[in-house]
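S.K.: Got a structure for you, input_39.txt, holding compact mmCIF, C-alpha atoms.
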# COMPACT_ATOMS: atom_id res chain seq x y z
CA MET A 1 -13.52 35.99 38.85
CA ARG A 2 -11.70 34.49 35.87
CA VAL A 3 -11.46 30.70 36.21
CA LEU A 4 -9.38 28.45 33.94
CA MET A 5 -10.28 24.76 34.32
CA PHE A 6 -8.29 21.73 33.22
CA THR A 7 -9.86 18.27 32.96
CA ASP A 8 -9.04 15.11 31.01
CA THR A 9 -12.75 14.29 30.76
CA TYR A 10 -15.55 16.57 29.63
CA HIS A 11 -18.62 16.69 27.41
CA PRO A 12 -19.34 14.85 25.12
CA GLN A 13 -18.01 12.14 27.44
CA VAL A 14 -20.61 10.87 29.92
CA ASN A 15 -19.35 10.27 33.46
CA GLY A 16 -19.55 11.82 36.90
CA VAL A 17 -16.42 13.97 36.65
CA ALA A 18 -17.41 15.36 33.24
CA ALA A 19 -20.88 16.16 34.60
CA CYS A 20 -19.49 17.87 37.72
CA VAL A 21 -17.05 20.04 35.76
CA ARG A 22 -19.68 21.06 33.24
CA THR A 23 -22.27 21.87 35.90
CA LEU A 24 -19.74 23.96 37.84
CA ALA A 25 -18.56 25.81 34.72
CA GLU A 26 -22.13 26.60 33.67
CA SER A 27 -23.02 27.77 37.18
CA LEU A 28 -19.99 30.07 37.37
CA SER A 29 -20.72 31.47 33.91
CA SER A 30 -24.41 32.09 34.66
CA HIS A 31 -23.42 34.08 37.77
CA GLY A 32 -21.19 36.46 35.84
CA HIS A 33 -17.79 34.79 36.20
CA SER A 34 -15.51 34.26 33.20
CA VAL A 35 -14.79 30.58 32.60
CA MET A 36 -12.60 28.68 30.18
CA VAL A 37 -12.32 24.86 30.09
CA CYS A 38 -9.33 23.01 28.66
CA THR A 39 -9.87 19.31 27.99
CA ALA A 40 -8.80 16.36 25.83
CA LEU A 41 -10.55 15.34 22.63
CA ALA A 42 -9.98 12.12 20.74
CA ARG A 43 -10.74 11.86 17.01
CA ARG A 44 -13.83 9.78 17.75
CA ASP A 45 -15.30 12.64 19.82
CA ARG A 46 -15.09 15.33 17.16
CA LEU A 47 -18.49 14.88 15.56
CA ALA A 48 -20.09 15.12 19.00
CA ARG A 49 -18.05 18.24 19.68
CA LEU A 50 -19.15 19.85 16.41
CA ALA A 51 -22.78 19.16 17.33
CA THR A 52 -22.38 20.97 20.65
CA THR A 53 -23.43 24.61 20.47
CA GLU A 54 -24.84 25.27 23.93
CA ASN A 55 -21.59 26.29 25.67
CA ARG A 56 -21.79 29.77 27.19
CA PHE A 57 -18.00 29.84 27.66
CA PRO A 58 -14.97 28.76 25.59
CA VAL A 59 -13.94 25.09 25.68
CA ILE A 60 -10.45 24.37 24.35
CA TYR A 61 -9.91 20.82 23.11
CA ALA A 62 -6.36 19.42 23.05
CA ARG A 63 -5.70 16.59 20.62
CA ALA A 64 -5.65 13.25 22.41
CA VAL A 65 -5.93 9.52 21.92
CA ALA A 66 -8.24 7.07 23.65
CA VAL A 67 -6.60 4.41 25.85
CA PRO A 68 -7.12 1.04 24.08
CA LEU A 69 -8.16 -0.99 27.14
CA CYS A 70 -10.27 1.80 28.63
CA SER A 71 -11.73 3.76 25.74
CA ASP A 72 -13.32 6.52 27.86
CA ILE A 73 -9.90 7.72 29.08
CA ARG A 74 -8.13 10.33 26.92
CA ILE A 75 -4.38 10.99 26.89
CA ALA A 76 -3.04 14.28 25.52
CA ALA A 77 0.46 15.72 25.37
CA PRO A 78 1.40 17.12 28.80
CA VAL A 79 2.53 20.44 27.26
CA SER A 80 0.71 22.47 24.61
CA LEU A 81 2.12 25.77 23.39
CA GLU A 82 -1.28 26.65 21.92
CA ILE A 83 -3.09 26.16 25.24
CA GLY A 84 -0.31 28.13 26.93
CA ARG A 85 -0.86 31.08 24.59
CA ILE A 86 -4.64 30.91 25.05
CA ALA A 87 -4.28 30.77 28.84
CA ARG A 88 -1.96 33.77 28.84
CA ARG A 89 -4.50 35.82 26.85
CA PHE A 90 -7.31 34.73 29.18
CA HIS A 91 -5.56 36.22 32.27
CA PRO A 92 -7.03 33.79 34.84
CA ASP A 93 -7.33 34.67 38.52
CA ILE A 94 -7.19 30.98 39.42
CA ILE A 95 -6.52 27.64 37.73
CA HIS A 96 -8.68 24.66 38.72
CA CYS A 97 -7.40 21.18 37.83
CA HIS A 98 -9.88 18.29 38.03
CA THR A 99 -7.75 15.32 36.91
CA PRO A 100 -4.12 14.34 37.67
CA PHE A 101 -3.22 13.26 34.14
CA SER A 102 -2.05 14.82 30.89
CA ILE A 103 -4.39 17.82 30.83
CA GLY A 104 -3.96 18.29 34.56
CA TRP A 105 -0.18 18.53 34.11
CA GLN A 106 -0.76 21.30 31.56
CA GLY A 107 -2.65 23.16 34.25
CA ILE A 108 0.26 22.80 36.68
CA GLN A 109 2.78 23.89 34.04
CA ILE A 110 0.76 26.99 33.13
CA SER A 111 0.14 27.82 36.80
CA ASN A 112 3.89 27.71 37.49
CA THR A 113 4.77 29.69 34.37
CA LEU A 114 2.25 32.47 34.99
CA ASN A 115 2.38 32.24 38.81
CA ILE A 116 -1.39 31.71 39.04
CA PRO A 117 -3.00 30.22 42.20
CA LEU A 118 -3.83 26.54 41.64
CA LEU A 119 -6.67 24.45 43.10
CA GLY A 120 -6.78 20.72 42.47
CA THR A 121 -9.97 18.71 42.94
CA HIS A 122 -9.63 15.00 43.65
CA HIS A 123 -12.62 13.11 42.22
CA THR A 124 -11.66 9.44 41.92
CA LEU A 125 -10.13 6.58 43.91
CA PHE A 126 -7.69 5.71 41.14
CA GLY A 127 -5.88 3.02 43.11
CA GLU A 128 -8.99 0.85 42.96
CA TYR A 129 -8.89 0.93 39.17
CA VAL A 130 -5.73 -1.19 39.37
CA THR A 131 -7.62 -3.89 41.26
CA ALA A 132 -10.53 -3.70 38.83
CA TYR A 133 -8.58 -3.82 35.57
CA SER A 134 -5.12 -5.30 36.15
CA ARG A 135 -4.54 -9.04 35.74
CA LEU A 136 -0.94 -9.02 37.00
CA GLY A 137 -1.57 -10.89 40.25
CA HIS A 138 -2.36 -9.80 43.78
CA GLU A 139 1.16 -8.85 44.90
CA ILE A 140 1.96 -6.78 41.80
CA ASN A 141 -1.48 -5.17 41.87
CA THR A 142 -1.01 -4.17 45.51
CA ARG A 143 2.32 -2.51 44.74
CA LEU A 144 0.97 -0.86 41.61
CA ALA A 145 -2.08 0.50 43.46
CA ALA A 146 0.21 1.94 46.16
CA TRP A 147 2.32 3.63 43.46
CA VAL A 148 -0.82 5.10 41.83
CA ARG A 149 -1.90 6.55 45.18
CA ARG A 150 1.54 8.10 45.71
CA TYR A 151 1.46 9.49 42.16
CA VAL A 152 -1.94 11.11 42.74
CA ALA A 153 -0.75 12.60 46.06
CA THR A 154 2.37 13.94 44.31
CA PHE A 155 0.22 15.68 41.71
CA TYR A 156 -1.99 17.37 44.31
CA ASN A 157 1.04 18.36 46.41
CA LEU A 158 1.94 20.64 43.49
CA CYS A 159 -1.32 22.57 43.97
CA ASP A 160 -1.78 25.43 46.42
CA MET A 161 -4.91 23.73 47.78
CA THR A 162 -6.85 20.54 47.18
CA SER A 163 -10.56 19.82 47.46
CA SER A 164 -12.60 16.64 47.45
CA ALA A 165 -16.32 15.96 47.56
CA SER A 166 -16.12 13.39 50.38
CA ARG A 167 -14.20 12.85 53.61
CA PHE A 168 -13.73 9.25 52.46
CA LEU A 169 -11.63 10.28 49.45
CA ALA A 170 -9.90 13.03 51.43
CA ARG A 171 -8.73 10.49 54.02
CA ASP A 172 -7.39 8.22 51.29
CA LEU A 173 -5.48 11.10 49.72
CA GLY A 174 -4.09 12.12 53.12
CA SER A 175 -2.89 8.60 53.86
CA SER A 176 -1.21 8.51 50.42
CA GLY A 177 1.05 11.45 51.26
CA LEU A 178 -0.89 14.68 50.63
CA LYS A 179 0.72 17.62 52.45
CA ARG A 180 -1.20 20.55 50.98
CA PRO A 181 -4.30 22.11 52.61
CA LEU A 182 -7.47 20.18 51.79
CA THR A 183 -11.13 21.14 52.07
CA ILE A 184 -14.44 19.41 51.34
CA VAL A 185 -16.52 20.86 48.49
CA PRO A 186 -19.56 18.74 47.55
CA ASN A 187 -20.51 17.81 44.01
CA PRO A 188 -23.41 19.83 42.56
CA VAL A 189 -26.75 18.54 41.29
CA ASP A 190 -29.13 20.65 39.22
CA ILE A 191 -32.30 20.40 41.32
CA CYS A 192 -34.14 22.55 38.78
CA ARG A 193 -33.69 19.83 36.14
CA PHE A 194 -33.86 16.75 38.35
CA GLN A 195 -37.23 16.90 40.09
CA PRO A 196 -39.80 14.33 41.27
CA ARG A 197 -42.54 13.36 38.84
CA ALA A 198 -45.68 15.32 39.68
CA SER A 199 -47.89 12.29 39.00
CA LYS A 200 -45.81 9.81 40.99
CA SER A 201 -47.88 7.72 43.39
CA PHE A 202 -46.89 5.20 46.02
CA TRP A 203 -49.11 2.18 46.45
CA LEU A 204 -48.65 -1.51 46.98
CA ARG A 205 -47.93 -2.95 43.55
CA SER A 206 -45.85 -5.66 41.95
CA ASP A 207 -44.16 -3.65 39.17
CA CYS A 208 -41.50 -1.95 41.30
CA ARG A 209 -38.90 -0.20 39.12
CA LEU A 210 -35.29 -0.28 40.29
CA VAL A 211 -32.67 1.84 38.56
CA TYR A 212 -28.88 2.07 38.41
CA CYS A 213 -27.03 4.80 36.52
CA GLY A 214 -23.30 5.02 35.89
CA ARG A 215 -20.28 3.45 34.27
CA LEU A 216 -20.51 -0.28 33.72
CA ALA A 217 -17.08 -1.25 34.95
CA GLY A 218 -15.38 -3.60 37.38
CA GLU A 219 -14.93 -1.06 40.17
CA LYS A 220 -18.72 -0.52 40.29
CA ASN A 221 -19.33 -4.07 41.58
CA LEU A 222 -22.26 -4.54 39.19
CA HIS A 223 -22.11 -8.32 38.96
CA GLN A 224 -22.65 -8.42 42.70
CA LEU A 225 -25.51 -5.95 42.32
CA VAL A 226 -27.28 -8.35 39.96
CA THR A 227 -26.75 -11.13 42.51
CA PHE A 228 -28.13 -8.97 45.32
CA VAL A 229 -31.34 -7.97 43.51
CA GLU A 230 -31.99 -11.35 41.87
CA PRO A 231 -34.00 -12.82 44.81
CA PHE A 232 -36.26 -9.76 44.78
CA LEU A 233 -36.80 -10.00 41.03
CA ARG A 234 -37.58 -13.72 41.33
CA ARG A 235 -40.29 -12.99 43.88
CA HIS A 236 -41.77 -10.15 41.82
CA SER A 237 -42.03 -11.17 38.19
CA HIS A 238 -43.22 -7.72 37.09
CA ALA A 239 -40.44 -5.83 38.89
CA THR A 240 -37.56 -4.50 36.77
CA LEU A 241 -34.01 -3.23 37.12
CA GLU A 242 -33.08 -0.61 34.52
CA ILE A 243 -29.34 -0.15 34.04
CA ILE A 244 -28.42 3.21 32.52
CA GLY A 245 -24.88 3.57 31.24
CA GLY A 246 -22.16 1.83 29.32
CA GLY A 247 -18.65 0.54 29.76
CA PRO A 248 -16.34 -2.46 29.54
CA ALA A 249 -18.43 -4.65 31.87
CA LEU A 250 -21.52 -4.52 29.63
CA PRO A 251 -20.89 -7.75 27.67
CA SER A 252 -20.26 -9.86 30.78
CA LEU A 253 -23.24 -8.30 32.58
CA TRP A 254 -25.50 -9.04 29.64
CA ASN A 255 -24.26 -12.64 29.48
CA MET A 256 -24.75 -13.07 33.22
CA THR A 257 -28.30 -11.76 32.94
CA ARG A 258 -29.04 -14.02 29.98
CA GLU A 259 -27.67 -17.09 31.75
CA ARG A 260 -29.89 -16.38 34.74
CA ARG A 261 -32.89 -15.84 32.44
CA LEU A 262 -33.48 -12.33 33.71
CA LEU A 263 -33.34 -10.38 30.46
CA ASP A 264 -37.08 -9.66 30.72
CA GLN A 265 -36.52 -7.92 34.07
CA ILE A 266 -33.01 -6.47 33.80
CA ARG A 267 -32.90 -3.96 30.97
CA PHE A 268 -29.77 -2.28 29.59
CA LEU A 269 -30.69 1.19 28.33
CA GLY A 270 -27.27 2.53 27.38
CA TRP A 271 -26.26 6.11 28.08
CA LEU A 272 -29.12 8.58 28.39
CA GLN A 273 -28.81 12.35 28.52
CA GLY A 274 -31.01 15.41 28.95
CA ASP A 275 -34.73 14.97 29.49
CA ALA A 276 -34.55 11.24 28.69
CA LEU A 277 -32.23 10.69 31.66
CA VAL A 278 -34.30 12.83 34.01
CA GLN A 279 -37.55 11.11 33.05
CA ARG A 280 -36.10 7.62 33.44
CA ILE A 281 -34.64 8.28 36.89
CA ALA A 282 -37.71 10.17 38.11
CA SER A 283 -40.00 7.32 37.04
CA ALA A 284 -38.10 4.78 39.16
CA ASP A 285 -39.07 3.74 42.68
CA ILE A 286 -35.64 2.89 44.13
CA PHE A 287 -32.04 3.59 43.09
CA VAL A 288 -29.65 0.68 43.77
CA CYS A 289 -25.86 0.66 44.06
CA ALA A 290 -23.35 -1.98 45.17
CA SER A 291 -20.09 -0.06 44.64
CA LEU A 292 -17.51 -0.10 47.43
CA THR A 293 -15.40 2.81 46.18
CA GLU A 294 -17.69 5.71 45.29
CA ASN A 295 -16.63 9.26 46.12
CA GLN A 296 -19.86 11.25 45.96
CA PRO A 297 -21.70 9.82 42.94
CA VAL A 298 -23.60 12.34 40.87
CA SER A 299 -26.14 9.65 39.92
CA VAL A 300 -27.07 9.20 43.59
CA LEU A 301 -27.56 12.95 43.99
CA GLU A 302 -29.68 13.07 40.82
CA SER A 303 -31.86 10.22 42.11
CA LEU A 304 -32.37 11.93 45.45
CA ALA A 305 -33.32 15.16 43.66
CA CYS A 306 -35.96 13.15 41.76
CA GLY A 307 -37.37 11.84 45.04
CA VAL A 308 -35.99 8.34 44.49
CA PRO A 309 -34.69 6.68 47.70
CA VAL A 310 -31.37 4.83 47.55
CA VAL A 311 -30.48 1.31 48.65
CA ALA A 312 -26.70 0.96 48.67
CA LEU A 313 -23.76 -0.54 50.48
CA ALA A 314 -22.41 1.36 53.47
CA ALA A 315 -19.06 1.95 51.79
CA GLY A 316 -17.01 4.73 50.24
CA GLY A 317 -18.51 8.20 50.38
CA ILE A 318 -22.16 7.13 50.09
CA PRO A 319 -22.78 7.07 53.89
CA GLU A 320 -21.88 10.79 53.88
CA ILE A 321 -24.92 11.40 51.64
CA ILE A 322 -27.49 8.80 52.68
CA THR A 323 -28.88 8.56 56.21
CA ASP A 324 -29.93 4.98 56.86
CA GLY A 325 -33.69 4.71 57.34
CA GLU A 326 -34.41 8.30 56.28
CA ASP A 327 -33.67 8.80 52.56
CA GLY A 328 -32.62 5.23 51.87
CA PHE A 329 -31.08 2.11 53.33
CA LEU A 330 -27.38 1.45 53.88
CA ILE A 331 -26.28 -2.17 54.08
CA GLU A 332 -23.01 -3.45 55.48
CA PRO A 333 -21.11 -5.18 52.65
CA THR A 334 -20.72 -8.36 54.70
CA HIS A 335 -24.54 -8.61 55.05
CA ALA A 336 -25.49 -7.53 51.54
CA ALA A 337 -26.15 -11.03 50.20
CA SER A 338 -28.96 -11.55 52.72
CA GLN A 339 -30.18 -8.00 53.42
CA PHE A 340 -30.19 -6.20 50.06
CA ALA A 341 -33.29 -7.95 48.73
CA GLU A 342 -34.93 -7.71 52.17
CA ARG A 343 -34.60 -3.91 52.15
CA LEU A 344 -36.12 -3.73 48.68
CA GLU A 345 -38.98 -5.92 49.90
CA GLN A 346 -39.49 -3.70 52.93
CA LEU A 347 -39.88 -0.60 50.79
CA THR A 348 -42.25 -2.14 48.27
CA LYS A 349 -44.50 -3.51 51.02
CA ASP A 350 -44.69 -0.20 52.89
CA PRO A 351 -45.89 2.63 50.59
CA ALA A 352 -45.96 5.07 53.51
CA LEU A 353 -42.27 4.44 54.21
CA LEU A 354 -41.42 4.79 50.51
CA LEU A 355 -43.27 8.11 50.36
CA LYS A 356 -41.55 9.36 53.52
CA MET A 357 -38.12 8.44 52.14
CA SER A 358 -38.96 10.04 48.80
CA GLN A 359 -39.79 13.33 50.49
CA GLN A 360 -36.63 13.20 52.58
CA ALA A 361 -34.59 12.40 49.47
CA THR A 362 -35.49 15.72 47.86
CA ALA A 363 -34.66 17.53 51.11
CA THR A 364 -31.24 15.86 51.15
CA ALA A 365 -30.57 16.80 47.53
CA ALA A 366 -31.23 20.47 48.31
CA HIS A 367 -27.98 20.55 50.31
CA TYR A 368 -26.11 19.75 47.06
CA SER A 369 -27.82 22.30 44.80
CA THR A 370 -25.70 24.12 42.26
CA ALA A 371 -26.23 27.37 44.19
CA ALA A 372 -24.96 25.87 47.47
CA CYS A 373 -21.99 24.19 45.79
CA LEU A 374 -21.12 27.35 43.86
CA GLN A 375 -20.80 29.32 47.09
CA ALA A 376 -18.59 26.61 48.58
CA THR A 377 -16.42 26.59 45.45
CA LEU A 378 -16.03 30.38 45.37
CA ALA A 379 -15.05 30.36 49.05
CA THR A 380 -12.41 27.72 48.23
CA TYR A 381 -11.14 29.81 45.31
CA HIS A 382 -10.61 32.79 47.61
CA GLN A 383 -8.93 30.54 50.18
CA THR A 384 -6.63 29.12 47.49
CA ILE A 385 -5.66 32.62 46.35
CA SER A 386 -4.83 33.54 49.96
CA VAL A 387 -2.67 30.44 50.37
CA ALA A 388 -0.86 31.18 47.10
CA CYS A 389 -0.22 34.79 48.12
CA GLY A 390 1.35 33.53 51.35
CA ARG A 391 3.62 31.07 49.55
CA GLN A 392 7.23 32.04 50.20
CA THR A 393 8.90 29.56 47.84
CA PRO A 394 8.02 27.99 44.48
CA ARG A 395 6.15 24.69 44.52
CA ALA A 396 8.40 21.65 44.85
CA ALA A 397 9.26 19.59 41.77
CA PRO A 398 7.43 16.27 41.49
CA SER A 399 9.01 13.22 43.11
CA PHE A 400 7.57 9.73 42.69
Just give me the structure as structure tokens.
M.R.:
Amino acid sequence: MRVLMFTDTYHPQVNGVAACVRTLAESLSSHGHSVMVCTALARRDRLARLATTENRFPVIYARAVAVPLCSDIRIAAPVSLEIGRIARRFHPDIIHCHTPFSIGWQGIQISNTLNIPLLGTHHTLFGEYVTAYSRLGHEINTRLAAWVRRYVATFYNLCDMTSSASRFLARDLGSSGLKRPLTIVPNPVDICRFQPRASKSFWLRSDCRLVYCGRLAGEKNLHQLVTFVEPFLRRHSHATLEIIGGGPALPSLWNMTRERRLLDQIRFLGWLQGDALVQRIASADIFVCASLTENQPVSVLESLACGVPVVALAAGGIPEIITDGEDGFLIEPTHAASQFAERLEQLTKDPALLLKMSQQATATAAHYSTAACLQATLATYHQTISVACGRQTPRAAPSF
């Protein structure tokens, strides 16, 4: 199959969507499918792009600019004649759009022009970004978030089919006005790369290592996470929380940690990639997360694959991955202030339970292997092509 992907975020950017798209593209390519990725590239990314030689498939970079207040978002022109010519020569069997922004609109335009079946994958609860970043007041933010949800639904209504990694995000998209067929396709994790440390042991000790990996941004609820784990760190002076990632919340998080005199125990490692990321996650004892709006976070899947149990809030799509008491603990958000540290304490005082959860974590991750997710994606591609073949009229024009 010949698959043409469109995404506003891709390597060398580091985030869950970029990782998912790259893993899927590599998996398709390694199984004999022809893949091409179209994405946005800001001037600041070009050196990183030039240093990248490991692609087994063509990646087309459209010129873009970074958004000033959110520098990891790229905006490109919604129409590119060059990408149109390249797409025409590629002769795709299906177009797969991963983001509903400038590059995504190019995918829709090319799909309509060439009459190619179009699958859209919904990765992110964009309405919550309004709450996290806007300072316009509650009433305006509420209206703006509702408009963003309608906009996203309008984009995916222009696709023949839509997929999402979690029922949580699918329900949100449905309530926002989605009318196209929707299916659940999980995010992939490379369980050949992310594996438990062979030498890892579980015994009663005071140097428990907690880890968080992801964007450091308002929607991740990281200031609350620091508050939740602080009592545990106070009781265990040799325990640490390693925060892997970067983003706009880093300065305020660092200041909060400094003010609470926790810089010796809360360590900011920045973005890690490759073996450095795998080794750091695999060496941890527990992965922690306080986000309320996750879809199906790749970092949680990577931690499970490394045999690292998860302690997180029972919110968003995380309860669809974690089974409370088996491969981690889920805590109701209203009880997090009192129970988060207690769950960490429970695991560190019971090595047998930690070992049991570690073993179950790897079993859970196997359900999200690249091989399993590839089969689900290919099945969705064939379903999308069938839907497109049965379409009697052209797709409706967008209406906001």
S.K.: With distances taken over only C-alpha atoms, which of A:Thr162, A:Asn187, A:Asn221, A:Gln13 is nearest to Tyr368 of chain A?
M.R.: A:Asn187
S.K.: Rank nothing, just name the residue among A:Ala337, A:Ala87, A:Val148, A:Met5 nearest to Gly104 of chain A, using only C-alpha atoms.
M.R.: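 Using only C-alpha atoms, the shortest distance to Gly104 of chain A belongs to A:Met5.
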S.K.: Quick check, in Å to one decimal: how far apart do atom CA of Pro231 of chain A and atom CA of Gln339 of chain A lie?
M.R.: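 That distance, rounded to one decimal, is 10.6 Å.
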S.K.: Measuring atom to atom with all atoms listed in the file, identify which of A:Arg209, A:His236, A:Arg88, A:His11 is nearest to Gly107 of chain A.
M.R.: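 The answer is A:Arg88, which sits nearest to Gly107 of chain A.
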S.K.: Which centre and edge lengths in Å to one decimal define the box along x, y and z that fits every listed atom of segment 222-239 of chain A plus 3 Å per side, as JSON?
M.R.:
{"center_x": -32.7, "center_y": -9.1, "center_z": 41.2, "size_x": 27.1, "size_y": 15.2, "size_z": 14.2}
S.K.: Quick one: residues within 12 Å of Ala18 of chain A, all atoms listed in the file, excluding same-chain residues fewer than 3 positions away - as an MDAnalysis selection string?
M.R.: chainID A and resid 5:15 21:25 37 39:40 72:73 98:99 123:124 187:188 297:298
S.K.: So what do you get for atom CA of Leu330 of chain A versus atom CA of Gly214 of chain A, distance-wise?
M.R.: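 Here the two named atoms are 18.8 Å from each other.
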S.K.: What's the 8 Å shell around Tyr156 of chain A, counting all atoms listed in the file, without same-chain residues fewer than 6 positions away, as a list in words?
M.R.: Pro100, Gly120, Thr162, Leu178 and Arg180 of chain A
S.K.: With distances taken over all atoms listed in the file, which of A:Met36, A:Ala341, A:Ile116, A:Ala64 is nearest to Phe101 of chain A?
M.R.: A:Ala64
S.K.: Could you tell me which of A:Ser299, A:Gln109, A:Asn115, A:Thr364 comes closest to Arg215 of chain A if we count all atoms listed in the file?
M.R.: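 For Arg215 of chain A, the nearest of the candidates is A:Ser299.
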S.K.: Select, from A:Tyr212, A:Leu4, A:Asp93, A:Gly245, the residue with the minimum atom-to-atom distance to Val59 of chain A, counting all atoms listed in the file.
M.R.: A:Leu4
S.K.: Neighbouring residues of Gly32 of chain A were defined as those with any atom within 12 Å, considering only C-alpha atoms; residues of the same chain fewer than 3 positions away were excluded. Please report them as number ranges by chain.
M.R.: A: 1-3, 25-29, 35, 56-57
S.K.: Per residue of segment 292-315 of chain A within 12 Å of segment 369-378 of chain A, note the shortest atom pair and the distance in Å to one decimal, counting only C-alpha atoms, and order the rows by chain and increasing residue number, as JSON lines.
M.R.:
{"residue": "A:Val298", "atom": "CA", "partner": "A:Ser369", "partner_atom": "CA", "distance": 11.5}
{"residue": "A:Leu301", "atom": "CA", "partner": "A:Ser369", "partner_atom": "CA", "distance": 9.4}
{"residue": "A:Glu302", "atom": "CA", "partner": "A:Ser369", "partner_atom": "CA", "distance": 10.2}
{"residue": "A:Leu304", "atom": "CA", "partner": "A:Ser369", "partner_atom": "CA", "distance": 11.3}
{"residue": "A:Ala305", "atom": "CA", "partner": "A:Ser369", "partner_atom": "CA", "distance": 9.1}
S.K.: Using all atoms listed in the file, which protein or nucleic acid residues come within 8 Å of Ala249 of chain A? Drop anything in the same chain fewer than 6 positions from it, and give the result as an MDAnalysis selection string.
M.R.: chainID A and resid 216:218
S.K.: Please report the interatomic distance between atom CA of Ala365 of chain A and atom CA of His96 of chain A in Å with one decimal.
M.R.: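 These atoms are spaced 24.9 Å apart.
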S.K.: So that I can see what lies close to Thr384 of chain A, please list as a list in words the residues with an atom at most 7 Å from it, counting only C-alpha atoms and leaving out residues fewer than 5 positions away in the same chain.
M.R.: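 The residues satisfying every condition are Pro117, Leu118, Leu119, Asp160 and Met161 of chain A.
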S.K.: Write the residues you've just listed into a file as a compact mmCIF listing (two decimals), in the frame of the given file, and include C-alpha atoms for each of them.
M.R.:
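Once written, selection.txt looks like this:
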# COMPACT_ATOMS: atom_id res chain seq x y z
CA PRO A 117 -3.00 30.22 42.20
CA LEU A 118 -3.83 26.54 41.64
CA LEU A 119 -6.67 24.45 43.10
CA ASP A 160 -1.78 25.43 46.42
CA MET A 161 -4.91 23.73 47.78
S.K.: Missing atoms in segment 139-155 of chain A: fill them in up to N, CA and C atoms and send the result as a CSV table (one decimal), in the frame of the given file.
M.R.:
chain,number,residue,atom,x,y,z
A,139,GLU,N,0.0,-9.6,44.3
A,139,GLU,CA,1.2,-8.8,44.9
A,139,GLU,C,1.5,-7.7,44.0
A,140,ILE,N,1.6,-7.9,42.7
A,140,ILE,CA,2.0,-6.8,41.8
A,140,ILE,C,0.9,-5.7,41.8
A,141,ASN,N,-0.4,-6.1,41.8
A,141,ASN,CA,-1.5,-5.2,41.9
A,141,ASN,C,-1.4,-4.3,43.1
A,142,THR,N,-1.1,-4.9,44.3
A,142,THR,CA,-1.0,-4.2,45.5
A,142,THR,C,0.1,-3.1,45.4
A,143,ARG,N,1.2,-3.5,44.9
A,143,ARG,CA,2.3,-2.5,44.7
A,143,ARG,C,2.0,-1.4,43.7
A,144,LEU,N,1.3,-1.8,42.6
A,144,LEU,CA,1.0,-0.9,41.6
A,144,LEU,C,-0.1,0.1,42.1
A,145,ALA,N,-1.1,-0.4,42.9
A,145,ALA,CA,-2.1,0.5,43.5
A,145,ALA,C,-1.5,1.5,44.4
A,146,ALA,N,-0.5,1.0,45.2
A,146,ALA,CA,0.2,1.9,46.2
A,146,ALA,C,1.0,3.0,45.4
A,147,TRP,N,1.6,2.6,44.3
A,147,TRP,CA,2.3,3.6,43.5
A,147,TRP,C,1.3,4.6,42.9
A,148,VAL,N,0.2,4.2,42.4
A,148,VAL,CA,-0.8,5.1,41.8
A,148,VAL,C,-1.3,6.1,42.9
A,149,ARG,N,-1.5,5.6,44.1
A,149,ARG,CA,-1.9,6.6,45.2
A,149,ARG,C,-0.8,7.6,45.5
A,150,ARG,N,0.5,7.1,45.5
A,150,ARG,CA,1.5,8.1,45.7
A,150,ARG,C,1.6,9.1,44.6
A,151,TYR,N,1.4,8.6,43.3
A,151,TYR,CA,1.5,9.5,42.2
A,151,TYR,C,0.4,10.6,42.3
A,152,VAL,N,-0.8,10.2,42.6
A,152,VAL,CA,-1.9,11.1,42.7
A,152,VAL,C,-1.6,12.1,43.8
A,153,ALA,N,-1.1,11.7,45.0
A,153,ALA,CA,-0.8,12.6,46.1
A,153,ALA,C,0.3,13.6,45.6
A,154,THR,N,1.3,13.1,44.8
A,154,THR,CA,2.4,13.9,44.3
A,154,THR,C,1.8,15.0,43.4
A,155,PHE,N,0.8,14.7,42.6
A,155,PHE,CA,0.2,15.7,41.7
A,155,PHE,C,-0.4,16.8,42.6
